[in-house]
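Engineer: Sharing a structure with you now.
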There are 2 protein chains.
Amino acid sequence: MRDRPTTSPAKTPTRRAGFSVDVALLTPHGKQLAVLLIRSGDPRTREKWIVPHDSLKTEETLDSAAERLAHSALGSAPSWIEQIGAFSDGRRHPAEVELSVGYVALVPLGVPAPVGGVAAWFPTTDLPVLAARQRAIVDAAFERVRDRLDQAPIAFRLLPATFTLSELQGMYELLLGRRLHKASFRRALQGAWLVEPTEEWRSEGRGRPAQLFRYAPRRRRSTRRGVRFELLG
Amino acid sequence: MRDRPTTSPAKTPTRRAGFSVDVALLTPHGKQLAVLLIRSGDPRTREKWIVPHDSLKTEETLDSAAERLAHSALGSAPSWIEQIGAFSDGRRHPAEVELSVGYVALVPLGVPAPVGGVAAWFPTTDLPVLAARQRAIVDAAFERVRDRLDQAPIAFRLLPATFTLSELQGMYELLLGRRLHKASFRRALQGAWLVEPTEEWRSEGRGRPAQLFRYAPRRRRSTRRGVRFELLG
DNA sequence: TGACATTAGTGACGTTTGGTGACTAATTCG
DNA sequence: CGAATTAGTCACCAAACGTCACTAATGTCA
(Lines give C-alpha, C1' and ligand atoms only; values in the text may rest on other atoms or scores of the structure.)
Protein backbone atom coordinates (compact mmCIF):
# COMPACT_ATOMS: atom_id res chain seq x y z
CA MET A 1 0.00 0.00 0.00
CA ARG A 2 1.22 3.41 -0.84
CA ASP A 3 1.16 6.53 1.21
CA ARG A 4 -0.89 9.40 -0.05
CA PRO A 5 0.19 12.59 1.63
CA THR A 6 -1.71 14.57 -0.96
CA THR A 7 -5.13 13.12 -0.24
CA SER A 8 -5.97 15.73 2.27
CA PRO A 9 -9.27 17.29 1.21
CA ALA A 10 -9.46 19.66 -1.68
CA LYS A 11 -8.18 22.52 0.42
CA THR A 12 -4.81 20.83 0.95
CA PRO A 13 -3.38 23.25 3.44
CA THR A 14 0.08 21.69 3.63
CA ARG A 15 0.65 20.49 0.07
CA ARG A 16 4.40 20.44 -0.44
CA ALA A 17 4.33 20.86 -4.17
CA GLY A 18 1.94 21.78 -6.92
CA PHE A 19 2.81 18.64 -8.84
CA SER A 20 2.86 14.85 -8.60
CA VAL A 21 5.07 12.13 -10.02
CA ASP A 22 3.09 9.38 -11.77
CA VAL A 23 4.56 6.05 -12.89
CA ALA A 24 3.04 3.79 -15.54
CA LEU A 25 4.44 0.30 -14.89
CA LEU A 26 4.25 -1.93 -17.96
CA THR A 27 4.75 -5.66 -18.39
CA PRO A 28 4.00 -8.24 -21.09
CA HIS A 29 0.61 -9.83 -20.59
CA GLY A 30 -0.43 -12.47 -23.07
CA LYS A 31 -0.15 -10.99 -26.53
CA GLN A 32 0.10 -7.36 -25.44
CA LEU A 33 1.37 -5.00 -22.77
CA ALA A 34 -0.41 -4.37 -19.49
CA VAL A 35 -0.21 -1.50 -17.05
CA LEU A 36 -0.27 -1.72 -13.27
CA LEU A 37 -3.16 0.14 -11.65
CA ILE A 38 -4.06 0.32 -7.99
CA ARG A 39 -7.44 0.69 -6.38
CA SER A 40 -8.27 4.19 -5.33
CA GLY A 41 -8.29 4.34 -1.55
CA ASP A 42 -10.29 7.55 -1.66
CA PRO A 43 -14.05 6.90 -1.98
CA ARG A 44 -14.59 10.49 -3.07
CA THR A 45 -12.71 10.07 -6.32
CA ARG A 46 -14.85 9.29 -9.30
CA GLU A 47 -12.45 6.76 -10.82
CA LYS A 48 -11.91 3.41 -9.13
CA TRP A 49 -8.40 2.80 -10.44
CA ILE A 50 -5.38 5.07 -10.39
CA VAL A 51 -1.79 5.13 -11.58
CA PRO A 52 0.72 5.07 -8.69
CA HIS A 53 1.66 8.64 -7.86
CA ASP A 54 2.95 10.85 -5.10
CA SER A 55 4.49 14.21 -4.48
CA LEU A 56 8.21 14.76 -4.10
CA LYS A 57 9.67 14.15 -0.67
CA THR A 58 12.35 16.37 0.80
CA GLU A 59 15.72 16.11 -0.93
CA GLU A 60 14.27 13.74 -3.48
CA THR A 61 14.84 14.04 -7.23
CA LEU A 62 12.16 13.31 -9.80
CA ASP A 63 13.94 10.15 -10.87
CA SER A 64 14.34 8.84 -7.36
CA ALA A 65 10.72 9.60 -6.56
CA ALA A 66 9.68 7.63 -9.63
CA GLU A 67 11.88 4.73 -8.59
CA ARG A 68 10.47 4.81 -5.10
CA LEU A 69 6.93 4.77 -6.44
CA ALA A 70 7.68 1.87 -8.76
CA HIS A 71 9.34 -0.15 -6.06
CA SER A 72 6.62 0.50 -3.55
CA ALA A 73 3.80 -0.35 -5.95
CA LEU A 74 5.48 -3.48 -7.23
CA GLY A 75 7.60 -4.80 -4.37
CA SER A 76 10.69 -4.87 -6.56
CA ALA A 77 12.64 -2.54 -8.80
CA PRO A 78 11.64 -2.15 -12.47
CA SER A 79 14.20 -3.09 -15.10
CA TRP A 80 13.98 0.23 -16.96
CA ILE A 81 12.51 3.60 -16.22
CA GLU A 82 12.34 6.90 -18.09
CA GLN A 83 10.61 10.21 -17.73
CA ILE A 84 7.90 10.86 -20.31
CA GLY A 85 7.25 14.52 -19.65
CA ALA A 86 5.07 17.00 -17.84
CA PHE A 87 1.28 16.77 -18.08
CA SER A 88 -1.10 19.53 -17.18
CA ASP A 89 -3.81 21.16 -19.31
CA GLY A 90 -6.24 21.26 -16.42
CA ARG A 91 -7.35 17.69 -16.84
CA ARG A 92 -8.50 15.63 -13.90
CA HIS A 93 -5.93 14.00 -11.65
CA PRO A 94 -6.59 12.07 -8.42
CA ALA A 95 -4.19 14.23 -6.42
CA GLU A 96 -5.83 17.38 -7.78
CA VAL A 97 -2.44 18.92 -8.42
CA GLU A 98 -1.87 21.39 -11.19
CA LEU A 99 0.81 19.36 -12.94
CA SER A 100 2.04 15.78 -13.09
CA VAL A 101 5.37 14.40 -14.24
CA GLY A 102 4.83 11.08 -15.99
CA TYR A 103 7.23 8.14 -15.99
CA VAL A 104 7.20 4.84 -17.82
CA ALA A 105 8.80 1.75 -16.29
CA LEU A 106 9.22 -1.82 -17.52
CA VAL A 107 8.72 -4.97 -15.48
CA PRO A 108 10.13 -8.27 -16.77
CA LEU A 109 7.91 -11.13 -17.76
CA GLY A 110 7.43 -13.53 -14.91
CA VAL A 111 7.72 -11.09 -12.04
CA PRO A 112 4.93 -12.15 -9.67
CA ALA A 113 1.75 -10.13 -9.69
CA PRO A 114 1.69 -7.35 -7.13
CA VAL A 115 0.28 -7.67 -3.64
CA GLY A 116 -3.17 -9.16 -3.45
CA GLY A 117 -6.23 -7.28 -4.45
CA VAL A 118 -5.24 -3.65 -4.29
CA ALA A 119 -3.34 -3.72 -7.57
CA ALA A 120 -3.85 -5.43 -10.91
CA TRP A 121 -2.48 -5.61 -14.46
CA PHE A 122 -4.75 -4.18 -17.13
CA PRO A 123 -4.04 -5.04 -20.76
CA THR A 124 -3.81 -2.23 -23.29
CA THR A 125 -7.17 -2.95 -24.82
CA ASP A 126 -9.08 -3.26 -21.59
CA LEU A 127 -8.30 -0.20 -19.51
CA PRO A 128 -10.77 0.99 -16.90
CA VAL A 129 -11.80 4.62 -16.70
CA LEU A 130 -8.97 6.77 -15.40
CA ALA A 131 -8.70 10.43 -14.56
CA ALA A 132 -8.08 12.19 -17.87
CA ARG A 133 -4.55 13.24 -17.06
CA GLN A 134 -3.55 9.78 -15.87
CA ARG A 135 -5.10 8.29 -18.99
CA ALA A 136 -2.91 10.62 -21.03
CA ILE A 137 0.15 9.48 -19.11
CA VAL A 138 -0.67 5.80 -19.68
CA ASP A 139 -1.23 6.39 -23.39
CA ALA A 140 2.05 8.26 -23.63
CA ALA A 141 3.78 5.42 -21.77
CA PHE A 142 2.69 2.83 -24.33
CA GLU A 143 3.69 5.17 -27.12
CA ARG A 144 7.08 5.87 -25.58
CA VAL A 145 7.86 2.17 -25.35
CA ARG A 146 7.16 1.73 -29.05
CA ASP A 147 9.18 4.83 -29.92
CA ARG A 148 12.19 3.80 -27.85
CA LEU A 149 12.24 0.24 -29.12
CA ASP A 150 15.18 0.95 -31.41
CA GLN A 151 17.15 3.15 -29.02
CA ALA A 152 16.84 1.38 -25.67
CA PRO A 153 16.93 -2.33 -24.80
CA ILE A 154 13.18 -2.40 -24.21
CA ALA A 155 12.56 -5.96 -25.34
CA PHE A 156 15.51 -7.30 -23.36
CA ARG A 157 14.28 -5.60 -20.20
CA LEU A 158 10.91 -7.27 -20.59
CA LEU A 159 12.47 -10.73 -20.71
CA PRO A 160 14.21 -12.72 -17.99
CA ALA A 161 18.00 -12.59 -17.84
CA THR A 162 18.34 -15.54 -20.22
CA PHE A 163 15.99 -16.21 -23.08
CA THR A 164 15.70 -17.99 -26.39
CA LEU A 165 15.92 -16.11 -29.66
CA SER A 166 12.34 -17.11 -30.41
CA GLU A 167 11.23 -15.52 -27.15
CA LEU A 168 13.12 -12.36 -28.05
CA GLN A 169 11.55 -12.28 -31.49
CA GLY A 170 8.14 -12.90 -29.92
CA MET A 171 8.67 -9.92 -27.62
CA TYR A 172 9.50 -7.69 -30.57
CA GLU A 173 6.41 -8.97 -32.35
CA LEU A 174 4.31 -8.21 -29.30
CA LEU A 175 5.69 -4.69 -29.08
CA LEU A 176 5.48 -3.97 -32.79
CA GLY A 177 2.13 -5.67 -33.28
CA ARG A 178 3.29 -7.55 -36.36
CA ARG A 179 5.12 -10.69 -37.37
CA LEU A 180 8.83 -10.69 -38.18
CA HIS A 181 10.87 -12.99 -40.35
CA LYS A 182 13.06 -15.38 -38.42
CA ALA A 183 16.11 -15.29 -40.66
CA SER A 184 16.14 -11.51 -41.04
CA PHE A 185 15.64 -11.00 -37.33
CA ARG A 186 18.54 -13.25 -36.43
CA ARG A 187 20.86 -11.87 -39.08
CA ALA A 188 20.28 -8.32 -37.83
CA LEU A 189 20.72 -9.43 -34.23
CA GLN A 190 23.94 -11.21 -35.11
CA GLY A 191 25.33 -8.12 -36.80
CA ALA A 192 24.61 -5.92 -33.81
CA TRP A 193 26.60 -7.98 -31.29
CA LEU A 194 23.91 -7.60 -28.65
CA VAL A 195 23.53 -11.12 -27.27
CA GLU A 196 25.87 -13.92 -26.35
CA PRO A 197 24.97 -17.60 -26.09
CA THR A 198 25.00 -19.44 -22.79
CA GLU A 199 25.74 -23.14 -22.34
CA GLU A 200 22.13 -23.89 -21.52
CA TRP A 201 19.40 -25.23 -23.77
CA ARG A 202 15.72 -25.29 -23.10
CA SER A 203 13.34 -27.97 -24.29
CA GLU A 204 9.88 -26.48 -24.35
CA GLY A 205 7.57 -29.42 -25.00
CA ARG A 206 7.65 -30.27 -28.69
CA GLY A 207 10.32 -29.37 -31.16
CA ARG A 208 14.05 -28.91 -31.13
CA PRO A 209 15.48 -27.42 -27.93
CA ALA A 210 16.53 -23.76 -28.14
CA GLN A 211 19.77 -22.30 -26.94
CA LEU A 212 19.54 -19.67 -24.21
CA PHE A 213 21.11 -16.26 -24.72
CA ARG A 214 21.81 -13.31 -22.52
CA TYR A 215 21.87 -9.59 -23.26
CA ALA A 216 25.52 -8.60 -23.52
CA PRO A 217 26.02 -5.63 -25.84
CA ARG A 218 29.53 -5.13 -27.22
CA ARG A 219 31.10 -2.03 -28.65
CA ARG A 220 30.33 -2.03 -32.31
CA ARG A 221 31.48 0.10 -35.18
CA SER A 222 29.47 3.29 -35.41
CA THR A 223 28.40 3.27 -39.03
CA ARG A 224 27.85 6.84 -40.14
CA ARG A 225 24.56 6.46 -41.87
CA GLY A 226 23.08 8.93 -44.27
CA VAL A 227 20.02 10.96 -43.47
CA ARG A 228 16.80 9.02 -43.01
CA PHE A 229 13.87 10.89 -44.46
CA GLU A 230 11.39 8.04 -44.22
CA LEU A 231 10.02 8.83 -40.77
CA LEU A 232 9.57 12.45 -41.57
CA GLY A 233 6.26 14.01 -42.32
CA MET B 1 24.35 24.81 -3.61
CA ARG B 2 20.69 24.16 -4.14
CA ASP B 3 17.76 26.47 -4.06
CA ARG B 4 15.51 26.43 -1.04
CA PRO B 5 11.86 26.65 -2.04
CA THR B 6 10.84 27.49 1.52
CA THR B 7 12.99 30.58 1.60
CA SER B 8 11.06 32.36 -1.10
CA PRO B 9 12.00 35.97 -0.60
CA ALA B 10 8.96 37.79 0.66
CA LYS B 11 8.80 39.75 -2.62
CA THR B 12 7.11 36.96 -4.53
CA PRO B 13 3.70 37.18 -2.94
CA THR B 14 1.47 35.90 -5.72
CA ARG B 15 3.37 33.05 -7.30
CA ARG B 16 0.68 30.95 -8.90
CA ALA B 17 2.56 27.69 -9.23
CA GLY B 18 5.53 25.84 -7.84
CA PHE B 19 6.93 25.44 -11.31
CA SER B 20 8.04 27.45 -14.32
CA VAL B 21 7.94 26.95 -18.07
CA ASP B 22 11.32 27.57 -19.75
CA VAL B 23 11.82 27.86 -23.51
CA ALA B 24 15.14 27.38 -25.29
CA LEU B 25 14.84 29.19 -28.62
CA LEU B 26 17.30 27.91 -31.21
CA THR B 27 18.34 29.27 -34.58
CA PRO B 28 21.17 28.64 -37.05
CA HIS B 29 24.10 30.94 -36.42
CA GLY B 30 27.06 30.60 -38.70
CA LYS B 31 28.18 27.00 -38.66
CA GLN B 32 26.24 25.98 -35.55
CA LEU B 33 23.08 26.53 -33.55
CA ALA B 34 22.57 29.43 -31.17
CA VAL B 35 20.20 29.89 -28.25
CA LEU B 36 18.35 33.06 -27.31
CA LEU B 37 19.18 34.36 -23.84
CA ILE B 38 17.91 37.50 -22.15
CA ARG B 39 19.60 39.72 -19.63
CA SER B 40 18.57 39.04 -16.09
CA GLY B 41 16.53 41.95 -14.84
CA ASP B 42 17.06 40.90 -11.25
CA PRO B 43 20.38 42.21 -9.89
CA ARG B 44 20.19 39.70 -7.03
CA THR B 45 20.64 36.71 -9.33
CA ARG B 46 24.14 35.48 -9.70
CA GLU B 47 23.90 34.73 -13.42
CA LYS B 48 23.67 37.60 -15.90
CA TRP B 49 21.80 35.71 -18.60
CA ILE B 50 18.66 33.62 -18.35
CA VAL B 51 16.44 31.47 -20.52
CA PRO B 52 12.97 32.98 -21.08
CA HIS B 53 10.64 31.54 -18.46
CA ASP B 54 7.45 32.24 -16.57
CA SER B 55 4.83 30.55 -14.49
CA LEU B 56 1.53 29.37 -15.88
CA LYS B 57 -1.23 31.95 -16.15
CA THR B 58 -4.83 31.14 -15.36
CA GLU B 59 -6.50 28.74 -17.78
CA GLU B 60 -3.25 28.37 -19.69
CA THR B 61 -1.83 25.04 -20.82
CA LEU B 62 1.86 24.21 -20.76
CA ASP B 63 2.05 24.36 -24.53
CA SER B 64 0.32 27.71 -24.79
CA ALA B 65 2.51 29.16 -22.05
CA ALA B 66 5.58 28.02 -23.98
CA GLU B 67 4.25 29.60 -27.16
CA ARG B 68 3.49 32.82 -25.34
CA LEU B 69 7.01 32.91 -23.91
CA ALA B 70 8.57 32.27 -27.29
CA HIS B 71 6.51 34.90 -29.01
CA SER B 72 7.15 37.46 -26.34
CA ALA B 73 10.89 36.89 -26.25
CA LEU B 74 11.24 36.90 -30.00
CA GLY B 75 8.50 39.15 -31.34
CA SER B 76 7.23 36.42 -33.65
CA ALA B 77 6.10 32.82 -33.42
CA PRO B 78 8.67 30.01 -33.64
CA SER B 79 8.34 27.54 -36.49
CA TRP B 80 8.42 24.45 -34.28
CA ILE B 81 8.09 23.83 -30.57
CA GLU B 82 8.14 20.73 -28.39
CA GLN B 83 8.23 19.92 -24.72
CA ILE B 84 11.51 18.42 -23.53
CA GLY B 85 10.49 17.31 -20.07
CA ALA B 86 10.46 18.23 -16.41
CA PHE B 87 13.62 19.39 -14.69
CA SER B 88 14.14 19.51 -10.96
CA ASP B 89 16.84 17.88 -8.85
CA GLY B 90 17.21 20.93 -6.67
CA ARG B 91 19.46 22.76 -9.09
CA ARG B 92 19.50 26.50 -9.27
CA HIS B 93 16.83 28.30 -11.27
CA PRO B 94 16.30 32.07 -11.53
CA ALA B 95 12.65 31.80 -10.48
CA GLU B 96 13.63 29.66 -7.49
CA VAL B 97 10.78 27.27 -8.21
CA GLU B 98 11.00 23.63 -7.33
CA LEU B 99 10.45 22.38 -10.87
CA SER B 100 10.74 23.65 -14.44
CA VAL B 101 9.17 22.32 -17.63
CA GLY B 102 11.60 22.75 -20.49
CA TYR B 103 10.66 23.45 -24.12
CA VAL B 104 12.71 23.65 -27.27
CA ALA B 105 11.66 25.92 -30.15
CA LEU B 106 13.13 26.59 -33.58
CA VAL B 107 13.46 29.96 -35.26
CA PRO B 108 14.09 30.11 -39.01
CA LEU B 109 17.28 31.47 -40.45
CA GLY B 110 16.98 35.13 -41.29
CA VAL B 111 14.49 36.14 -38.63
CA PRO B 112 15.81 39.47 -37.34
CA ALA B 113 17.66 39.50 -34.04
CA PRO B 114 15.43 40.22 -31.07
CA VAL B 115 14.83 43.64 -29.60
CA GLY B 116 17.92 45.68 -28.89
CA GLY B 117 20.26 44.86 -26.10
CA VAL B 118 18.21 42.84 -23.66
CA ALA B 119 18.44 39.63 -25.68
CA ALA B 120 21.15 37.96 -27.74
CA TRP B 121 21.98 34.77 -29.63
CA PHE B 122 24.69 32.64 -28.05
CA PRO B 123 26.31 29.93 -30.16
CA THR B 124 26.55 26.41 -28.75
CA THR B 125 30.23 26.66 -28.04
CA ASP B 126 30.15 30.03 -26.34
CA LEU B 127 27.45 29.91 -23.69
CA PRO B 128 27.65 32.21 -20.69
CA VAL B 129 27.17 30.87 -17.17
CA LEU B 130 23.56 29.92 -16.56
CA ALA B 131 21.71 28.66 -13.52
CA ALA B 132 22.38 24.93 -13.40
CA ARG B 133 18.83 23.90 -14.18
CA GLN B 134 18.55 26.27 -17.13
CA ARG B 135 21.89 25.01 -18.42
CA ALA B 136 20.48 21.50 -18.27
CA ILE B 137 17.43 22.61 -20.23
CA VAL B 138 19.58 24.26 -22.92
CA ASP B 139 21.77 21.18 -23.22
CA ALA B 140 18.69 18.98 -23.51
CA ALA B 141 17.27 21.32 -26.16
CA PHE B 142 20.32 20.91 -28.40
CA GLU B 143 20.24 17.18 -27.85
CA ARG B 144 16.53 16.97 -28.59
CA VAL B 145 17.00 18.75 -31.91
CA ARG B 146 19.61 16.21 -32.97
CA ASP B 147 17.47 13.30 -31.78
CA ARG B 148 14.33 14.50 -33.57
CA LEU B 149 16.10 15.26 -36.82
CA ASP B 150 14.78 12.09 -38.42
CA GLN B 151 11.25 12.27 -37.01
CA ALA B 152 10.32 15.92 -37.31
CA PRO B 153 10.98 18.45 -40.10
CA ILE B 154 13.65 20.20 -38.04
CA ALA B 155 15.89 21.25 -40.90
CA PHE B 156 12.96 22.52 -42.97
CA ARG B 157 11.72 24.65 -40.06
CA LEU B 158 15.12 26.29 -39.78
CA LEU B 159 15.06 27.37 -43.42
CA PRO B 160 12.89 29.94 -45.17
CA ALA B 161 9.79 28.72 -46.99
CA THR B 162 11.72 28.15 -50.21
CA PHE B 163 15.30 26.99 -50.32
CA THR B 164 17.85 25.30 -52.55
CA LEU B 165 18.81 21.68 -52.05
CA SER B 166 22.34 22.78 -51.23
CA GLU B 167 20.97 24.97 -48.45
CA LEU B 168 18.94 22.05 -47.13
CA GLN B 169 21.97 19.79 -47.20
CA GLY B 170 24.01 22.49 -45.49
CA MET B 171 21.42 22.68 -42.72
CA TYR B 172 21.60 18.94 -42.19
CA GLU B 173 25.37 19.17 -42.10
CA LEU B 174 25.18 21.94 -39.52
CA LEU B 175 22.83 19.93 -37.34
CA LEU B 176 24.71 16.67 -37.67
CA GLY B 177 28.14 18.21 -37.44
CA ARG B 178 29.47 16.29 -40.42
CA ARG B 179 29.59 16.43 -44.19
CA LEU B 180 27.10 14.55 -46.34
CA HIS B 181 27.46 13.26 -49.85
CA LYS B 182 25.46 15.23 -52.39
CA ALA B 183 24.22 12.37 -54.53
CA SER B 184 23.16 10.19 -51.56
CA PHE B 185 21.41 13.09 -49.91
CA ARG B 186 19.41 13.95 -52.99
CA ARG B 187 18.56 10.35 -53.82
CA ALA B 188 17.17 9.82 -50.31
CA LEU B 189 15.27 13.08 -50.43
CA GLN B 190 13.82 12.18 -53.81
CA GLY B 191 12.59 8.84 -52.51
CA ALA B 192 10.86 10.40 -49.53
CA TRP B 193 8.62 12.78 -51.52
CA LEU B 194 9.24 15.61 -49.07
CA VAL B 195 9.92 18.58 -51.32
CA GLU B 196 8.51 19.91 -54.54
CA PRO B 197 10.28 22.23 -56.99
CA THR B 198 9.10 25.77 -57.56
CA GLU B 199 9.47 27.71 -60.78
CA GLU B 200 12.11 29.96 -59.30
CA TRP B 201 15.86 29.73 -59.58
CA ARG B 202 18.42 31.55 -57.55
CA SER B 203 21.76 32.73 -58.83
CA GLU B 204 24.04 33.16 -55.86
CA GLY B 205 27.10 34.88 -57.24
CA ARG B 206 29.29 32.35 -58.99
CA GLY B 207 28.27 28.98 -60.32
CA ARG B 208 25.19 27.48 -61.85
CA PRO B 209 21.87 28.78 -60.49
CA ALA B 210 19.99 26.47 -58.15
CA GLN B 211 16.33 25.62 -58.30
CA LEU B 212 14.22 26.58 -55.29
CA PHE B 213 12.15 23.96 -53.50
CA ARG B 214 9.48 24.05 -50.87
CA TYR B 215 8.66 21.60 -48.10
CA ALA B 216 5.57 19.67 -49.25
CA PRO B 217 5.47 16.17 -47.79
CA ARG B 218 3.24 13.65 -49.56
CA ARG B 219 1.75 10.47 -48.22
CA ARG B 220 4.17 7.74 -49.00
CA ARG B 221 4.06 4.00 -48.64
CA SER B 222 4.86 2.91 -45.10
CA THR B 223 7.60 0.39 -45.72
CA ARG B 224 7.47 -2.14 -42.92
CA ARG B 225 11.11 -2.30 -42.06
CA GLY B 226 12.77 -4.95 -39.98
CA VAL B 227 14.07 -4.30 -36.51
CA ARG B 228 16.99 -1.91 -36.27
CA PHE B 229 19.44 -3.05 -33.61
CA GLU B 230 22.20 -0.61 -34.52
CA LEU B 231 21.21 2.19 -32.17
CA LEU B 232 20.75 -0.13 -29.26
CA GLY B 233 23.21 -0.45 -26.44
C1' DT C 1 9.64 -48.17 -33.92
C1' DG C 2 9.04 -45.26 -37.45
C1' DA C 3 6.33 -41.56 -39.73
C1' DC C 4 4.85 -37.04 -38.70
C1' DA C 5 4.26 -32.67 -36.45
C1' DT C 6 6.71 -29.05 -34.31
C1' DT C 7 10.10 -25.82 -33.16
C1' DA C 8 15.14 -24.23 -33.83
C1' DG C 9 18.63 -22.71 -36.69
C1' DT C 10 21.17 -21.73 -41.23
C1' DG C 11 22.23 -21.12 -46.26
C1' DA C 12 21.55 -19.00 -50.46
C1' DC C 13 19.44 -16.03 -53.90
C1' DG C 14 17.66 -11.81 -55.63
C1' DT C 15 16.26 -7.10 -54.70
C1' DT C 16 16.75 -2.80 -52.64
C1' DT C 17 19.29 0.63 -50.39
C1' DG C 18 23.30 3.41 -49.75
C1' DG C 19 28.28 5.25 -50.43
C1' DT C 20 31.18 6.92 -53.90
C1' DG C 21 33.60 8.98 -57.86
C1' DA C 22 33.01 10.86 -62.08
C1' DC C 23 30.59 13.06 -65.18
C1' DT C 24 27.61 17.06 -67.42
C1' DA C 25 25.35 21.83 -66.94
C1' DA C 26 25.17 26.68 -66.16
C1' DT C 27 26.90 30.55 -64.44
C1' DT C 28 30.82 34.43 -62.99
C1' DC C 29 35.31 36.23 -63.40
C1' DG C 30 39.48 37.54 -65.72
C1' DC D 1 37.72 32.49 -74.61
C1' DG D 2 39.08 29.45 -70.64
C1' DA D 3 39.35 28.67 -65.63
C1' DA D 4 36.80 28.51 -61.44
C1' DT D 5 32.62 27.57 -59.10
C1' DT D 6 28.33 25.68 -57.90
C1' DA D 7 24.25 22.62 -59.38
C1' DG D 8 22.58 18.38 -60.74
C1' DT D 9 22.84 13.41 -62.46
C1' DC D 10 24.61 8.84 -63.66
C1' DA D 11 26.66 4.47 -63.03
C1' DC D 12 29.14 1.21 -60.34
C1' DC D 13 29.76 -1.45 -56.37
C1' DA D 14 29.03 -3.01 -51.60
C1' DA D 15 26.14 -3.65 -47.79
C1' DA D 16 21.66 -4.54 -46.04
C1' DC D 17 17.41 -6.84 -46.33
C1' DG D 18 13.19 -9.92 -47.59
C1' DT D 19 12.28 -14.44 -48.74
C1' DC D 20 12.29 -19.37 -49.49
C1' DA D 21 14.11 -23.56 -48.64
C1' DC D 22 16.61 -26.52 -46.36
C1' DT D 23 18.75 -29.17 -42.19
C1' DA D 24 18.43 -30.35 -37.08
C1' DA D 25 16.44 -32.08 -32.90
C1' DT D 26 12.88 -33.05 -30.21
C1' DG D 27 7.82 -35.02 -28.82
C1' DT D 28 3.62 -37.57 -30.30
C1' DC D 29 1.10 -41.22 -31.79
C1' DA D 30 -0.32 -44.97 -34.60
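Scheme for the C-alpha coordinates: letters A, B, ... for chains in order shown; per-chain residue numbers from 1; ligand numbers from 1 in order shown.
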What do you get for the Cα RMSD if chain B is superposed onto chain A using all Cα atoms in their order?

Structural biologist: 3.6 Å

Engineer: Quick one: pick out all strand (DSSP E or B) residues within chain A from a backbone DSSP run and write them as a ChimeraX atom specification.

Structural biologist: /A:19-29,32-39,49-50,53-54,80-87,99-106,119-123,162-164,195-202,210-215

Engineer: With 7 Å as the limit and counting only C-alpha atoms (C1' of nucleotides), what residues in chain B lie close to chain C? Please list them as a PyMOL selection string.

Structural biologist: chain B and resi 205-209

Engineer: Using N, CA and C atoms, can you write the selected residues to a file as an mmCIF file, in the first residue's frame?

Structural biologist:
```cif
data_model
loop_
_atom_site.group_PDB
_atom_site.id
_atom_site.type_symbol
_atom_site.label_atom_id
_atom_site.label_comp_id
_atom_site.auth_asym_id
_atom_site.auth_seq_id
_atom_site.Cartn_x
_atom_site.Cartn_y
_atom_site.Cartn_z
ATOM 1 N N GLY B 205 25.735 34.573 -56.864
ATOM 2 C CA GLY B 205 27.104 34.880 -57.238
ATOM 3 C C GLY B 205 27.603 33.930 -58.304
ATOM 4 N N ARG B 206 28.682 33.259 -58.026
ATOM 5 C CA ARG B 206 29.288 32.346 -58.987
ATOM 6 C C ARG B 206 28.475 31.066 -59.123
ATOM 7 N N GLY B 207 28.800 30.331 -60.162
ATOM 8 C CA GLY B 207 28.267 28.985 -60.320
ATOM 9 C C GLY B 207 26.883 28.916 -60.925
ATOM 10 N N ARG B 208 26.497 27.725 -61.226
ATOM 11 C CA ARG B 208 25.191 27.476 -61.848
ATOM 12 C C ARG B 208 24.067 27.824 -60.877
ATOM 13 N N PRO B 209 22.996 28.452 -61.373
ATOM 14 C CA PRO B 209 21.874 28.783 -60.487
ATOM 15 C C PRO B 209 21.217 27.514 -59.955
#
```

Engineer: Using only C-alpha atoms and a cut-off of 8 Å, which residues of chain B sit close to chain A? Please list them as a PyMOL selection string.

Structural biologist: chain B and resi 17-19+59-62+83-90+98+101+150-153+180+184-185+188-189+192+194+217-218+226-233

Engineer: Can you work out the spacing between C1' of DA16 (chain D) and CA of Ser166 (chain A) in Å, to one decimal?

Structural biologist: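 Taking C1' of DA16 (chain D) and CA of Ser166 (chain A), their separation equals 22.1 Å.
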
Engineer: Can you tell me how far CA of Glu47 (chain B) sits from CA of Leu74 (chain B), in Å to one decimal?

Structural biologist: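 Between these atoms lies a distance of 21.0 Å.
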
Engineer: Record the distance separating C1' of DG18 (chain D) and CA of Thr164 (chain A), expressed in Å with one decimal.

Structural biologist: 22.8 Å

Engineer: With chain B as the partner and 9 Å as the cut-off, tabulate the residues of chain D that qualify, each row holding the nearest pair of atoms and their distance in Å to one decimal, using only C-alpha atoms (C1' of nucleotides), sorted by chain and rising number, as a Markdown table.

Structural biologist:
```
| residue | atom | partner | partner_atom | distance |
| --- | --- | --- | --- | --- |
| D:DA4 | C1' | B:Gly207 | CA | 8.6 |
| D:DT5 | C1' | B:Gly207 | CA | 4.7 |
| D:DT6 | C1' | B:Gly207 | CA | 4.1 |
| D:DA7 | C1' | B:Arg208 | CA | 5.5 |
| D:DG8 | C1' | B:Ala183 | CA | 8.8 |
| D:DT9 | C1' | B:Ala183 | CA | 8.1 |
| D:DC17 | C1' | B:Gly226 | CA | 8.1 |
```

Engineer: Which of chain B counts as alpha helix (DSSP H) under DSSP, as JSON, numbers by chain please?

Structural biologist: {"B": [62, 63, 64, 65, 66, 67, 68, 69, 70, 71, 72, 73, 74, 132, 133, 134, 135, 136, 137, 138, 139, 140, 141, 142, 143, 144, 145, 146, 147, 148, 154, 155, 156, 157, 165, 166, 167, 168, 169, 170, 171, 172, 173, 174, 175, 176, 182, 183, 184, 185, 186, 187, 188, 189, 190, 191, 192]}
